[in-house]
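Asks: See input-v1.cif below, with mmCIF, C-alpha atoms.
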```cif
data_work
#
loop_
_atom_site.group_PDB
_atom_site.id
_atom_site.type_symbol
_atom_site.label_atom_id
_atom_site.label_comp_id
_atom_site.auth_asym_id
_atom_site.auth_seq_id
_atom_site.Cartn_x
_atom_site.Cartn_y
_atom_site.Cartn_z
ATOM 1 C CA MET W 219 50.133 -57.595 187.197
ATOM 2 C CA PRO W 220 48.931 -54.456 189.039
ATOM 3 C CA PRO W 221 45.881 -54.843 191.306
ATOM 4 C CA LEU W 222 42.475 -53.955 189.888
ATOM 5 C CA THR W 223 41.327 -50.453 190.891
ATOM 6 C CA SER W 224 38.123 -50.157 188.849
ATOM 7 C CA PHE W 225 35.319 -52.601 188.062
ATOM 8 C CA THR W 226 31.909 -52.280 186.451
ATOM 9 C CA SER W 227 29.100 -54.785 185.960
ATOM 10 C CA PRO W 228 25.393 -54.747 185.078
ATOM 11 C CA LEU W 229 22.976 -55.542 187.907
ATOM 12 C CA THR W 230 19.413 -56.753 187.971
ATOM 13 C CA ALA W 231 16.950 -54.706 190.020
ATOM 14 C CA ALA W 232 16.907 -57.514 192.588
ATOM 15 C CA GLN W 233 20.710 -57.533 192.825
ATOM 16 C CA ALA W 234 20.755 -53.755 193.272
ATOM 17 C CA ASP W 235 18.232 -54.043 196.119
ATOM 18 C CA LYS W 236 20.173 -56.872 197.749
ATOM 19 C CA LEU W 237 23.431 -54.928 197.568
ATOM 20 C CA ARG W 238 21.808 -51.870 199.126
ATOM 21 C CA GLY W 239 20.714 -54.002 202.066
ATOM 22 C CA CYS W 240 24.254 -55.320 202.601
ATOM 23 C CA LEU W 241 26.094 -52.013 202.679
ATOM 24 C CA ASP W 242 25.462 -51.228 206.353
ATOM 25 C CA ASP W 243 26.612 -54.690 207.404
ATOM 26 C CA TRP W 244 29.785 -54.271 205.336
ATOM 27 C CA GLY W 245 30.630 -50.933 206.948
ATOM 28 C CA PHE W 246 29.820 -48.631 204.025
ATOM 29 C CA GLU W 247 28.527 -45.080 204.418
ATOM 30 C CA LEU W 248 25.989 -43.764 201.903
ATOM 31 C CA VAL W 249 26.964 -40.618 199.970
ATOM 32 C CA GLU W 250 25.168 -38.362 197.499
ATOM 33 C CA LYS W 251 26.008 -38.847 193.809
ATOM 34 C CA PRO W 252 23.988 -37.761 190.765
ATOM 35 C CA TYR W 253 22.408 -40.268 188.371
ATOM 36 C CA THR W 254 22.639 -43.083 190.913
ATOM 37 C CA LEU W 255 20.189 -45.233 192.824
ATOM 38 C CA TYR W 256 22.723 -44.936 195.632
ATOM 39 C CA ALA W 257 26.432 -44.551 196.229
ATOM 40 C CA ALA W 258 28.635 -45.474 199.167
ATOM 41 C CA GLN W 259 32.192 -45.416 200.412
ATOM 42 C CA LYS W 260 34.354 -47.237 202.892
ATOM 43 C CA GLY W 261 37.850 -45.909 203.416
ATOM 44 C CA LYS W 262 39.373 -45.537 199.952
ATOM 45 C CA LEU W 263 36.806 -47.834 198.318
ATOM 46 C CA ASN W 264 33.919 -46.189 196.453
ATOM 47 C CA LEU W 265 30.921 -47.722 194.747
ATOM 48 C CA ALA W 266 28.015 -46.308 192.814
ATOM 49 C CA VAL W 267 24.939 -48.052 191.438
ATOM 50 C CA TYR W 268 23.749 -46.035 188.456
ATOM 51 C CA THR W 269 20.099 -45.697 187.536
ATOM 52 C CA LYS W 270 20.725 -46.474 183.881
ATOM 53 C CA GLY W 271 21.113 -50.211 183.631
ATOM 54 C CA PRO W 272 21.277 -50.463 186.568
ATOM 55 C CA LYS W 273 25.009 -51.033 186.787
ATOM 56 C CA ILE W 274 27.641 -50.838 189.499
ATOM 57 C CA LEU W 275 30.976 -49.051 189.381
ATOM 58 C CA VAL W 276 33.548 -49.928 192.037
ATOM 59 C CA GLN W 277 36.736 -47.865 192.377
ATOM 60 C CA GLY W 278 39.666 -47.756 194.762
ATOM 61 C CA LYS W 279 42.678 -49.725 195.931
ATOM 62 C CA GLU W 280 40.530 -52.458 197.513
ATOM 63 C CA THR W 281 38.371 -53.021 194.426
ATOM 64 C CA GLU W 282 39.740 -56.452 193.597
ATOM 65 C CA ASP W 283 39.175 -57.926 197.074
ATOM 66 C CA PHE W 284 35.699 -56.398 197.299
ATOM 67 C CA VAL W 285 34.663 -57.843 193.927
ATOM 68 C CA LYS W 286 36.131 -61.294 194.569
ATOM 69 C CA PHE W 287 35.021 -61.757 198.188
ATOM 70 C CA ARG W 288 31.839 -59.692 198.472
ATOM 71 C CA LEU W 289 30.246 -58.615 195.193
ATOM 72 C CA GLU W 290 30.662 -61.773 193.127
ATOM 73 C CA PRO W 291 29.844 -64.457 195.714
ATOM 74 C CA GLU W 292 27.106 -62.580 197.612
ATOM 75 C CA ILE W 293 25.450 -60.402 194.955
ATOM 76 C CA LEU W 294 26.355 -61.443 191.414
ATOM 77 C CA GLY W 295 26.461 -65.163 192.169
ATOM 78 C CA ALA W 296 29.282 -65.798 189.696
ATOM 79 C CA ALA W 297 33.070 -65.675 189.913
ATOM 80 C CA LYS W 298 34.386 -63.954 186.773
ATOM 81 C CA LEU W 299 37.181 -61.671 187.942
ATOM 82 C CA GLY W 300 40.501 -63.386 187.316
ATOM 83 C CA TYR W 301 38.835 -66.043 185.148
ATOM 84 C CA GLU W 302 38.483 -64.015 181.945
ATOM 85 C CA GLU W 303 40.768 -66.327 179.990
ATOM 86 C CA VAL W 304 38.774 -69.372 181.076
ATOM 87 C CA LEU W 305 35.390 -67.769 180.370
ATOM 88 C CA ASP W 306 36.382 -66.212 177.022
ATOM 89 C CA PRO W 307 39.453 -68.042 175.681
ATOM 90 C CA ASP W 308 38.974 -66.719 172.129
ATOM 91 C CA ALA W 309 39.656 -63.169 173.351
ATOM 92 C CA TYR W 310 43.146 -64.259 174.432
ATOM 93 C CA SER W 311 44.005 -66.370 171.394
ATOM 94 C CA PRO W 312 45.825 -64.891 168.351
ATOM 95 C CA HIS W 313 43.444 -62.820 166.203
ATOM 96 C CA PHE W 314 42.853 -59.452 164.582
ATOM 97 C CA GLY W 315 40.212 -57.099 165.961
ATOM 98 C CA ILE W 316 38.705 -54.710 163.400
ATOM 99 C CA ASP W 317 36.526 -51.666 164.062
ATOM 100 C CA GLU W 318 35.602 -48.375 162.437
ATOM 101 C CA SER W 319 34.846 -44.747 163.226
ATOM 102 C CA GLY W 320 32.996 -42.067 161.295
ATOM 103 C CA LYS W 321 30.325 -44.251 159.699
ATOM 104 C CA GLY W 322 27.491 -42.189 161.179
ATOM 105 C CA ASP W 323 29.205 -38.790 160.944
ATOM 106 C CA PHE W 324 28.394 -36.384 158.113
ATOM 107 C CA PHE W 325 31.760 -34.662 158.251
ATOM 108 C CA GLY W 326 35.032 -36.534 158.074
ATOM 109 C CA PRO W 327 36.392 -39.825 156.799
ATOM 110 C CA LEU W 328 35.388 -43.399 157.336
ATOM 111 C CA VAL W 329 38.258 -44.862 159.358
ATOM 112 C CA VAL W 330 38.885 -48.601 159.716
ATOM 113 C CA ALA W 331 41.510 -49.896 162.141
ATOM 114 C CA GLY W 332 42.803 -53.284 163.170
ATOM 115 C CA VAL W 333 44.943 -54.621 166.006
ATOM 116 C CA TYR W 334 46.593 -58.023 166.425
ATOM 117 C CA VAL W 335 46.535 -59.637 169.869
ATOM 118 C CA ASP W 336 47.702 -62.828 171.491
ATOM 119 C CA ARG W 337 47.420 -63.776 175.153
ATOM 120 C CA ASP W 338 50.106 -61.406 176.447
ATOM 121 C CA ILE W 339 48.965 -58.487 174.312
ATOM 122 C CA ALA W 340 45.309 -58.979 175.303
ATOM 123 C CA ARG W 341 46.240 -59.003 178.985
ATOM 124 C CA ALA W 342 48.340 -55.855 178.539
ATOM 125 C CA LEU W 343 45.416 -54.093 176.852
ATOM 126 C CA LYS W 344 43.057 -55.097 179.656
ATOM 127 C CA ASP W 345 45.536 -53.936 182.313
ATOM 128 C CA ALA W 346 45.896 -50.577 180.538
ATOM 129 C CA GLY W 347 42.149 -49.989 180.706
ATOM 130 C CA VAL W 348 41.521 -50.286 176.972
ATOM 131 C CA GLN W 349 37.782 -50.451 176.299
ATOM 132 C CA ASP W 350 35.296 -49.677 173.537
ATOM 133 C CA SER W 351 35.858 -46.096 172.382
ATOM 134 C CA LYS W 352 32.119 -45.368 172.548
ATOM 135 C CA ARG W 353 32.406 -45.581 176.338
ATOM 136 C CA ILE W 354 35.125 -42.891 176.377
ATOM 137 C CA THR W 355 33.974 -39.269 176.148
ATOM 138 C CA SER W 356 37.388 -37.595 176.474
ATOM 139 C CA ASP W 357 39.486 -37.050 173.347
ATOM 140 C CA ALA W 358 42.553 -36.730 175.592
ATOM 141 C CA LYS W 359 41.943 -40.212 176.981
ATOM 142 C CA ILE W 360 41.426 -41.616 173.471
ATOM 143 C CA ARG W 361 44.824 -40.251 172.466
ATOM 144 C CA LEU W 362 46.465 -41.495 175.661
ATOM 145 C CA LEU W 363 45.141 -45.034 175.169
ATOM 146 C CA ALA W 364 46.056 -44.982 171.474
ATOM 147 C CA GLY W 365 49.645 -44.222 172.448
ATOM 148 C CA ILE W 366 49.634 -47.091 174.929
ATOM 149 C CA ILE W 367 48.266 -49.499 172.304
ATOM 150 C CA ARG W 368 51.007 -48.572 169.861
ATOM 151 C CA SER W 369 53.660 -49.021 172.558
ATOM 152 C CA ILE W 370 52.710 -52.618 173.492
ATOM 153 C CA PRO W 371 55.322 -55.009 172.062
ATOM 154 C CA GLY W 372 53.908 -57.255 169.349
ATOM 155 C CA ALA W 373 50.572 -55.446 169.035
ATOM 156 C CA ALA W 374 50.626 -55.023 165.248
ATOM 157 C CA HIS W 375 48.172 -52.374 164.114
ATOM 158 C CA ASN W 376 46.933 -50.756 160.933
ATOM 159 C CA VAL W 377 44.646 -47.787 160.269
ATOM 160 C CA ILE W 378 43.202 -46.589 156.973
ATOM 161 C CA ALA W 379 41.194 -43.394 156.588
ATOM 162 C CA ILE W 380 38.933 -43.132 153.553
ATOM 163 C CA GLY W 381 38.659 -39.362 153.174
ATOM 164 C CA PRO W 382 35.372 -37.819 152.038
ATOM 165 C CA GLU W 383 36.446 -37.273 148.409
ATOM 166 C CA ARG W 384 37.409 -40.913 147.944
ATOM 167 C CA TYR W 385 34.561 -42.134 150.149
ATOM 168 C CA ASN W 386 31.997 -40.363 147.968
ATOM 169 C CA VAL W 387 33.444 -41.889 144.798
ATOM 170 C CA LEU W 388 33.548 -45.396 146.297
ATOM 171 C CA GLN W 389 30.057 -45.067 147.747
ATOM 172 C CA GLN W 390 28.689 -44.093 144.340
ATOM 173 C CA LYS W 391 30.473 -47.078 142.790
ATOM 174 C CA MET W 392 29.476 -49.646 145.427
ATOM 175 C CA ARG W 393 26.027 -48.156 146.128
ATOM 176 C CA ASN W 394 26.011 -49.609 149.629
ATOM 177 C CA VAL W 395 27.759 -48.438 152.798
ATOM 178 C CA ASN W 396 28.153 -52.009 154.076
ATOM 179 C CA ASN W 397 29.952 -52.987 150.879
ATOM 180 C CA LEU W 398 32.282 -50.027 151.338
ATOM 181 C CA LEU W 399 32.824 -50.911 154.975
ATOM 182 C CA GLY W 400 33.557 -54.523 154.054
ATOM 183 C CA TRP W 401 36.097 -53.314 151.488
ATOM 184 C CA GLY W 402 37.798 -51.228 154.196
ATOM 185 C CA HIS W 403 37.872 -54.152 156.623
ATOM 186 C CA ALA W 404 39.442 -56.338 153.954
ATOM 187 C CA ARG W 405 42.208 -53.804 153.262
ATOM 188 C CA VAL W 406 43.096 -53.593 156.970
ATOM 189 C CA ILE W 407 43.106 -57.385 157.321
ATOM 190 C CA GLU W 408 45.465 -57.689 154.345
ATOM 191 C CA ASN W 409 47.795 -55.048 155.796
ATOM 192 C CA LEU W 410 47.850 -56.832 159.147
ATOM 193 C CA LEU W 411 48.493 -60.195 157.494
ATOM 194 C CA ALA W 412 51.642 -58.688 155.988
ATOM 195 C CA GLN W 413 52.842 -58.241 159.587
ATOM 196 C CA ARG W 414 51.296 -61.382 161.132
ATOM 197 C CA PRO W 415 50.857 -63.872 158.249
ATOM 198 C CA ASP W 416 49.998 -66.790 160.540
ATOM 199 C CA CYS W 417 47.043 -65.089 162.252
ATOM 200 C CA PRO W 418 44.109 -67.525 161.925
ATOM 201 C CA ARG W 419 41.085 -65.233 162.237
ATOM 202 C CA SER W 420 39.676 -61.724 162.458
ATOM 203 C CA LEU W 421 36.795 -60.418 164.569
ATOM 204 C CA SER W 422 34.552 -57.413 164.062
ATOM 205 C CA ASP W 423 31.130 -56.205 165.069
ATOM 206 C CA GLN W 424 28.207 -57.608 163.095
ATOM 207 C CA PHE W 425 27.406 -55.152 160.293
ATOM 208 C CA ALA W 426 26.701 -57.395 157.285
ATOM 209 C CA ASN W 427 27.185 -60.872 155.895
ATOM 210 C CA PRO W 428 30.845 -61.870 156.480
ATOM 211 C CA SER W 429 31.002 -62.860 152.809
ATOM 212 C CA ILE W 430 31.163 -59.141 151.962
ATOM 213 C CA ILE W 431 34.587 -58.988 153.617
ATOM 214 C CA GLN W 432 35.608 -62.386 152.250
ATOM 215 C CA ARG W 433 34.855 -61.351 148.656
ATOM 216 C CA SER W 434 36.897 -58.171 149.084
ATOM 217 C CA LEU W 435 40.020 -59.984 150.280
ATOM 218 C CA LEU W 436 42.762 -60.710 147.803
ATOM 219 C CA GLU W 437 43.185 -64.406 147.027
ATOM 220 C CA LYS W 438 46.193 -65.028 149.285
ATOM 221 C CA ALA W 439 44.290 -63.586 152.273
ATOM 222 C CA ARG W 440 41.109 -65.611 151.830
ATOM 223 C CA GLN W 441 42.263 -68.412 154.128
ATOM 224 C CA ILE W 442 41.719 -66.301 157.250
ATOM 225 C CA ARG W 443 38.490 -66.959 159.152
ATOM 226 C CA ILE W 444 36.180 -63.952 159.272
ATOM 227 C CA ASP W 445 34.149 -63.797 162.498
ATOM 228 C CA GLN W 446 31.474 -61.216 163.266
ATOM 229 C CA ARG W 447 29.304 -60.900 166.341
ATOM 230 C CA THR W 448 27.186 -58.354 168.155
ATOM 231 C CA LYS W 449 28.926 -56.451 170.971
ATOM 232 C CA ALA W 450 32.326 -57.461 169.608
ATOM 233 C CA GLU W 451 33.728 -54.318 171.270
ATOM 234 C CA SER W 452 34.036 -56.319 174.482
ATOM 235 C CA ASP W 453 36.930 -58.164 172.800
ATOM 236 C CA PRO W 454 40.288 -56.515 173.668
ATOM 237 C CA ALA W 455 41.500 -56.455 170.056
ATOM 238 C CA VAL W 456 38.283 -54.891 168.737
ATOM 239 C CA ALA W 457 38.249 -52.367 171.597
ATOM 240 C CA ALA W 458 41.837 -51.382 170.794
ATOM 241 C CA ALA W 459 40.954 -51.031 167.099
ATOM 242 C CA SER W 460 38.006 -48.801 167.991
ATOM 243 C CA ILE W 461 40.328 -46.447 169.877
ATOM 244 C CA LEU W 462 42.865 -46.209 167.045
ATOM 245 C CA ALA W 463 40.042 -45.562 164.562
ATOM 246 C CA ARG W 464 38.516 -42.861 166.762
ATOM 247 C CA GLU W 465 41.890 -41.176 167.230
ATOM 248 C CA ARG W 466 42.463 -40.927 163.469
ATOM 249 C CA PHE W 467 38.894 -39.650 162.960
ATOM 250 C CA ILE W 468 39.094 -36.847 165.528
ATOM 251 C CA ASP W 469 42.557 -35.854 164.314
ATOM 252 C CA TRP W 470 41.214 -35.544 160.750
ATOM 253 C CA LEU W 471 38.218 -33.453 161.842
ATOM 254 C CA GLU W 472 40.361 -31.089 163.890
ATOM 255 C CA GLY W 473 42.953 -30.691 161.138
ATOM 256 C CA ALA W 474 40.414 -30.091 158.372
ATOM 257 C CA GLY W 475 38.486 -27.687 160.586
ATOM 258 C CA ARG W 476 41.605 -25.620 161.283
ATOM 259 C CA GLN W 477 42.369 -25.419 157.558
ATOM 260 C CA ARG W 478 38.858 -24.139 156.831
ATOM 261 C CA GLY W 479 38.634 -21.933 159.897
ATOM 262 C CA ILE W 480 35.508 -23.694 161.154
ATOM 263 C CA VAL W 481 34.683 -26.356 163.722
ATOM 264 C CA LEU W 482 33.465 -29.531 162.025
ATOM 265 C CA PRO W 483 31.003 -31.103 164.489
ATOM 266 C CA ARG W 484 30.535 -34.839 164.872
ATOM 267 C CA GLY W 485 27.397 -36.795 164.117
ATOM 268 C CA ALA W 486 24.516 -35.477 161.988
ATOM 269 C CA SER W 487 22.821 -32.984 164.301
ATOM 270 C CA ALA W 488 21.360 -29.495 163.840
ATOM 271 C CA GLN W 489 24.819 -28.153 164.694
ATOM 272 C CA VAL W 490 26.272 -30.210 161.836
ATOM 273 C CA LYS W 491 23.681 -28.831 159.419
ATOM 274 C CA ALA W 492 24.466 -25.273 160.516
ATOM 275 C CA ALA W 493 28.177 -25.820 159.855
ATOM 276 C CA ALA W 494 27.392 -27.377 156.447
ATOM 277 C CA ARG W 495 25.246 -24.377 155.494
ATOM 278 C CA GLN W 496 28.023 -22.005 156.567
ATOM 279 C CA ILE W 497 30.574 -23.863 154.406
ATOM 280 C CA ALA W 498 28.221 -23.987 151.401
ATOM 281 C CA ALA W 499 27.442 -20.266 151.679
ATOM 282 C CA ARG W 500 31.088 -19.252 152.050
ATOM 283 C CA ASP W 501 32.931 -21.746 149.820
ATOM 284 C CA GLY W 502 30.206 -23.160 147.594
ATOM 285 C CA ALA W 503 28.210 -26.359 148.040
ATOM 286 C CA ALA W 504 30.818 -28.362 146.127
ATOM 287 C CA ALA W 505 33.221 -27.803 149.037
ATOM 288 C CA LEU W 506 31.171 -30.320 151.020
ATOM 289 C CA ARG W 507 32.401 -33.087 148.700
ATOM 290 C CA VAL W 508 35.872 -32.857 150.253
ATOM 291 C CA LEU W 509 34.638 -32.536 153.834
ATOM 292 C CA ALA W 510 31.510 -34.661 154.125
ATOM 293 C CA LYS W 511 29.738 -37.866 153.112
ATOM 294 C CA THR W 512 27.364 -36.490 150.531
ATOM 295 C CA HIS W 513 24.975 -39.451 150.382
ATOM 296 C CA PHE W 514 23.697 -38.346 153.811
ATOM 297 C CA ARG W 515 20.301 -36.653 153.735
ATOM 298 C CA THR W 516 22.016 -33.660 155.314
ATOM 299 C CA ALA W 517 23.763 -32.829 152.018
ATOM 300 C CA ARG W 518 20.484 -32.737 150.072
ATOM 301 C CA GLU W 519 18.809 -30.735 152.807
ATOM 302 C CA VAL W 520 21.588 -28.132 152.869
ATOM 303 C CA ALA W 521 22.302 -27.938 149.126
ATOM 304 C CA PRO W 522 19.610 -29.614 146.986
ATOM 305 C CA GLU W 523 20.859 -27.821 143.883
ATOM 306 C CA GLU W 524 24.215 -29.631 144.233
ATOM 307 C CA PHE W 525 23.181 -33.014 145.631
ATOM 308 C CA GLY W 526 19.606 -33.525 144.455
ATOM 309 C CA PRO W 527 16.191 -32.658 145.895
ATOM 310 C CA LEU W 528 15.314 -33.798 149.389
ATOM 311 C CA GLU W 529 12.184 -35.598 148.174
ATOM 312 C CA GLU W 530 14.316 -38.303 146.546
ATOM 313 C CA ASP W 531 15.665 -39.391 149.915
ATOM 314 C CA SER W 532 13.614 -41.761 152.056
ATOM 315 C CA GLY W 533 16.360 -42.418 154.594
ATOM 316 C CA ASN W 534 16.869 -41.241 158.143
ATOM 317 C CA PRO W 535 16.611 -37.420 158.239
ATOM 318 C CA ASP W 536 19.856 -37.136 160.186
ATOM 319 C CA GLY W 537 21.831 -40.082 158.829
ATOM 320 C CA PRO W 538 22.984 -41.752 155.643
ATOM 321 C CA ALA W 539 20.547 -42.285 152.845
#
```
Starting from the file, lay out its structure as structure tokens.
Replies:
Amino acid sequence: MPPLTSFTSPLTAAQADKLRGCLDDWGFELVEKPYTLYAAQKGKLNLAVYTKGPKILVQGKETEDFVKFRLEPEILGAAKLGYEEVLDPDAYSPHFGIDESGKGDFFGPLVVAGVYVDRDIARALKDAGVQDSKRITSDAKIRLLAGIIRSIPGAAHNVIAIGPERYNVLQQKMRNVNNLLGWGHARVIENLLAQRPDCPRSLSDQFANPSIIQRSLLEKARQIRIDQRTKAESDPAVAAASILARERFIDWLEGAGRQRGIVLPRGASAQVKAAARQIAARDGAAALRVLAKTHFRTAREVAPEEFGPLEEDSGNPDGPA
């Protein structure tokens, strides 16, 4: 296993102060770095304590020794590095991780992805730097990690993209985004079970009552245990699923945008509304049905004659109704 070259951890204010007082004794030199309380370096080892959190980021060839012999025993007061399997055994046991992308985006599909892991696969994902896609701002890195995930032996995976046309029909039928999301999770679980029929459980972030997924599973798949929890993205399988889902989502947006000759922005911002207005003016408001989730308030704001008056919507002004 290659040595650790990057490590991050939350700090309390007291821990951040204590660490700052130790740096001189440990031979570190303070350096300027934006958005930090302080930053320091020693040889090829760099650390930064960021204001937001606060949290520490350690990078360099000597990261592992620094974390094990300085940071954990003297500052954090807990030995976690190298003990992940002991502290979180479920993350290294056979299971599916399920996550989605596009739920809060006006343009584009709802994508649900799943990845199977066991101990060896989970360790390989961790070693490759796979983490929750929301912490990755580079599309190039998303695509790089997605390729790595697909190349890991045994890491069964499945991705389904519910394009806007079908999404809008299903949303009208189910009348609830969580029901639609549960349906998508169930389809991915069934597809993964075809590859790994003995997998005992699945894990996803908490978005609704697990019974929503359970009811959507076909009878032969209902024996699998459905687990949900907050911050499930810390699990290696869920993190890997989030990356595969994000990759499919950004690929769809870029492809559809090229076909229409317009950039389809992410989210539900003023920029998104401007693009929606441009499409409606050029191609007709009905064109949004094949590019966007039309139950969002944005659709009614941009084209009330097509999607209903804005006054009917009491939801978030920039999100789904």
Asks: Can you give me, as JSON, numbers by chain, the residues this file yields under the PyMOL selection byres ((chain W and resi 226) around 9)?
Replies: {"W": [224, 225, 227, 228, 273, 274, 275, 276, 277]}
Asks: Using all atoms listed in the file for the distances, tell me which of W:Leu265, W:His403, W:Ser422, W:Gly372 is nearest to Ala455 (chain W).
Replies: W:Ser422
Asks: Evaluate the PyMOL selection byres ((chain W and resi 489-503) around 10) against this structure - the residues, as a ChimeraX atom specification, please.
Replies: /W:323-325,478-488,504-507,509-510,516-517,519-525,536
Asks: Taking the file as shown, what set of residues would the PyMOL selection byres ((chain W and resi 334-340) around 8) give back, as a compact mmCIF listing (two decimals) with C-alpha atoms, in the frame of the given file?
Replies:
```
# COMPACT_ATOMS: atom_id res chain seq x y z
CA ALA W 309 39.66 -63.17 173.35
CA TYR W 310 43.15 -64.26 174.43
CA SER W 311 44.00 -66.37 171.39
CA PRO W 312 45.82 -64.89 168.35
CA HIS W 313 43.44 -62.82 166.20
CA PHE W 314 42.85 -59.45 164.58
CA GLY W 315 40.21 -57.10 165.96
CA GLY W 332 42.80 -53.28 163.17
CA VAL W 333 44.94 -54.62 166.01
CA ARG W 341 46.24 -59.00 178.98
CA ALA W 342 48.34 -55.86 178.54
CA LEU W 343 45.42 -54.09 176.85
CA LYS W 344 43.06 -55.10 179.66
CA ILE W 370 52.71 -52.62 173.49
CA PRO W 371 55.32 -55.01 172.06
CA GLY W 372 53.91 -57.26 169.35
CA ALA W 373 50.57 -55.45 169.04
CA ALA W 374 50.63 -55.02 165.25
CA HIS W 375 48.17 -52.37 164.11
CA LEU W 410 47.85 -56.83 159.15
CA ARG W 414 51.30 -61.38 161.13
CA PRO W 454 40.29 -56.52 173.67
CA ALA W 455 41.50 -56.46 170.06
```
Asks: Distance CA of Val406 (chain W)-CA of Ser434 (chain W), one decimal place?
Replies: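 Rounded to one decimal, the two atoms are 11.0 Å apart.
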Asks: List the residues sitting within 12 Å of (47.3, -48.6, 182.9) in the file's frame, using only C-alpha atoms, as a PyMOL selection string.
Replies: chain W and resi 219-224+341-349+359+362-363+365-367+370
Asks: Enumerate, in order of chain and increasing residue number, the residues of region 430-521 of chain W with an atom no farther than 10 Å from region 384-401 of chain W, each with its shortest atom pair and distance in Å to one decimal, counting all atoms listed in the file, as CSV.
Replies:
```
residue,atom,partner,partner_atom,distance
W:Ile430,CA,W:Gly400,CA,5.6
W:Ile431,CA,W:Gly400,CA,4.6
W:Gln432,CA,W:Gly400,CA,8.3
W:Arg433,CA,W:Trp401,CA,8.6
W:Ser434,CA,W:Trp401,CA,5.5
W:Leu435,CA,W:Trp401,CA,7.8
W:Arg507,CA,W:Asn386,CA,7.3
W:Val508,CA,W:Arg384,CA,8.5
W:Ala510,CA,W:Asn386,CA,8.4
W:Lys511,CA,W:Asn386,CA,6.1
W:Thr512,CA,W:Asn386,CA,6.6
W:His513,CA,W:Asn386,CA,7.5
```
Asks: Could you state the separation of CA of Asp317 (chain W) and CA of Gln446 (chain W) in Å, given to one decimal place?
Replies: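 Going from CA of Asp317 (chain W) over to CA of Gln446 (chain W), I get 10.8 Å.
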Asks: Figure out the distance between CA of Phe467 (chain W) and CA of Asp308 (chain W), please, to one decimal in Å.
Replies: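 Separation between CA of Asp308 (chain W) and CA of Phe467 (chain W): 28.6 Å.
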Asks: Go through W:Gly381, W:Gly322, W:Gly245, W:Pro291 and flag the residue nearest Arg515 (chain W), using all atoms listed in the file for the distances.
Replies: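 For Arg515 (chain W), the nearest of the candidates is W:Gly322.
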Asks: Within 9 Å of (32.5, -44.3, 160.0) (file coordinates; only C-alpha atoms), which protein or nucleic acid residues are there? I'd like them as a PyMOL selection string.
Replies: chain W and resi 318-323+326-330+399+463+467
Asks: Put those residues in a file: C-alpha atoms, as a PDB file, keeping the file's coordinate frame.
Replies:
```pdb
ATOM      1  CA  GLU W 318      35.602 -48.375 162.437  1.00  0.00           C
ATOM      2  CA  SER W 319      34.846 -44.747 163.226  1.00  0.00           C
ATOM      3  CA  GLY W 320      32.996 -42.067 161.295  1.00  0.00           C
ATOM      4  CA  LYS W 321      30.325 -44.251 159.699  1.00  0.00           C
ATOM      5  CA  GLY W 322      27.491 -42.189 161.179  1.00  0.00           C
ATOM      6  CA  ASP W 323      29.205 -38.790 160.944  1.00  0.00           C
ATOM      7  CA  GLY W 326      35.032 -36.534 158.074  1.00  0.00           C
ATOM      8  CA  PRO W 327      36.392 -39.825 156.799  1.00  0.00           C
ATOM      9  CA  LEU W 328      35.388 -43.399 157.336  1.00  0.00           C
ATOM     10  CA  VAL W 329      38.258 -44.862 159.358  1.00  0.00           C
ATOM     11  CA  VAL W 330      38.885 -48.601 159.716  1.00  0.00           C
ATOM     12  CA  LEU W 399      32.824 -50.911 154.975  1.00  0.00           C
ATOM     13  CA  ALA W 463      40.042 -45.562 164.562  1.00  0.00           C
ATOM     14  CA  PHE W 467      38.894 -39.650 162.960  1.00  0.00           C
TER      15      PHE W 467
END
```
Asks: Would you kindly return, as a PyMOL selection string, each protein, DNA or RNA residue with an atom no farther than 9 Å from any atom of Ala231 (chain W), considering all atoms listed in the file and excluding same-chain residues fewer than 4 positions away?
Replies: chain W and resi 235-236+271-272
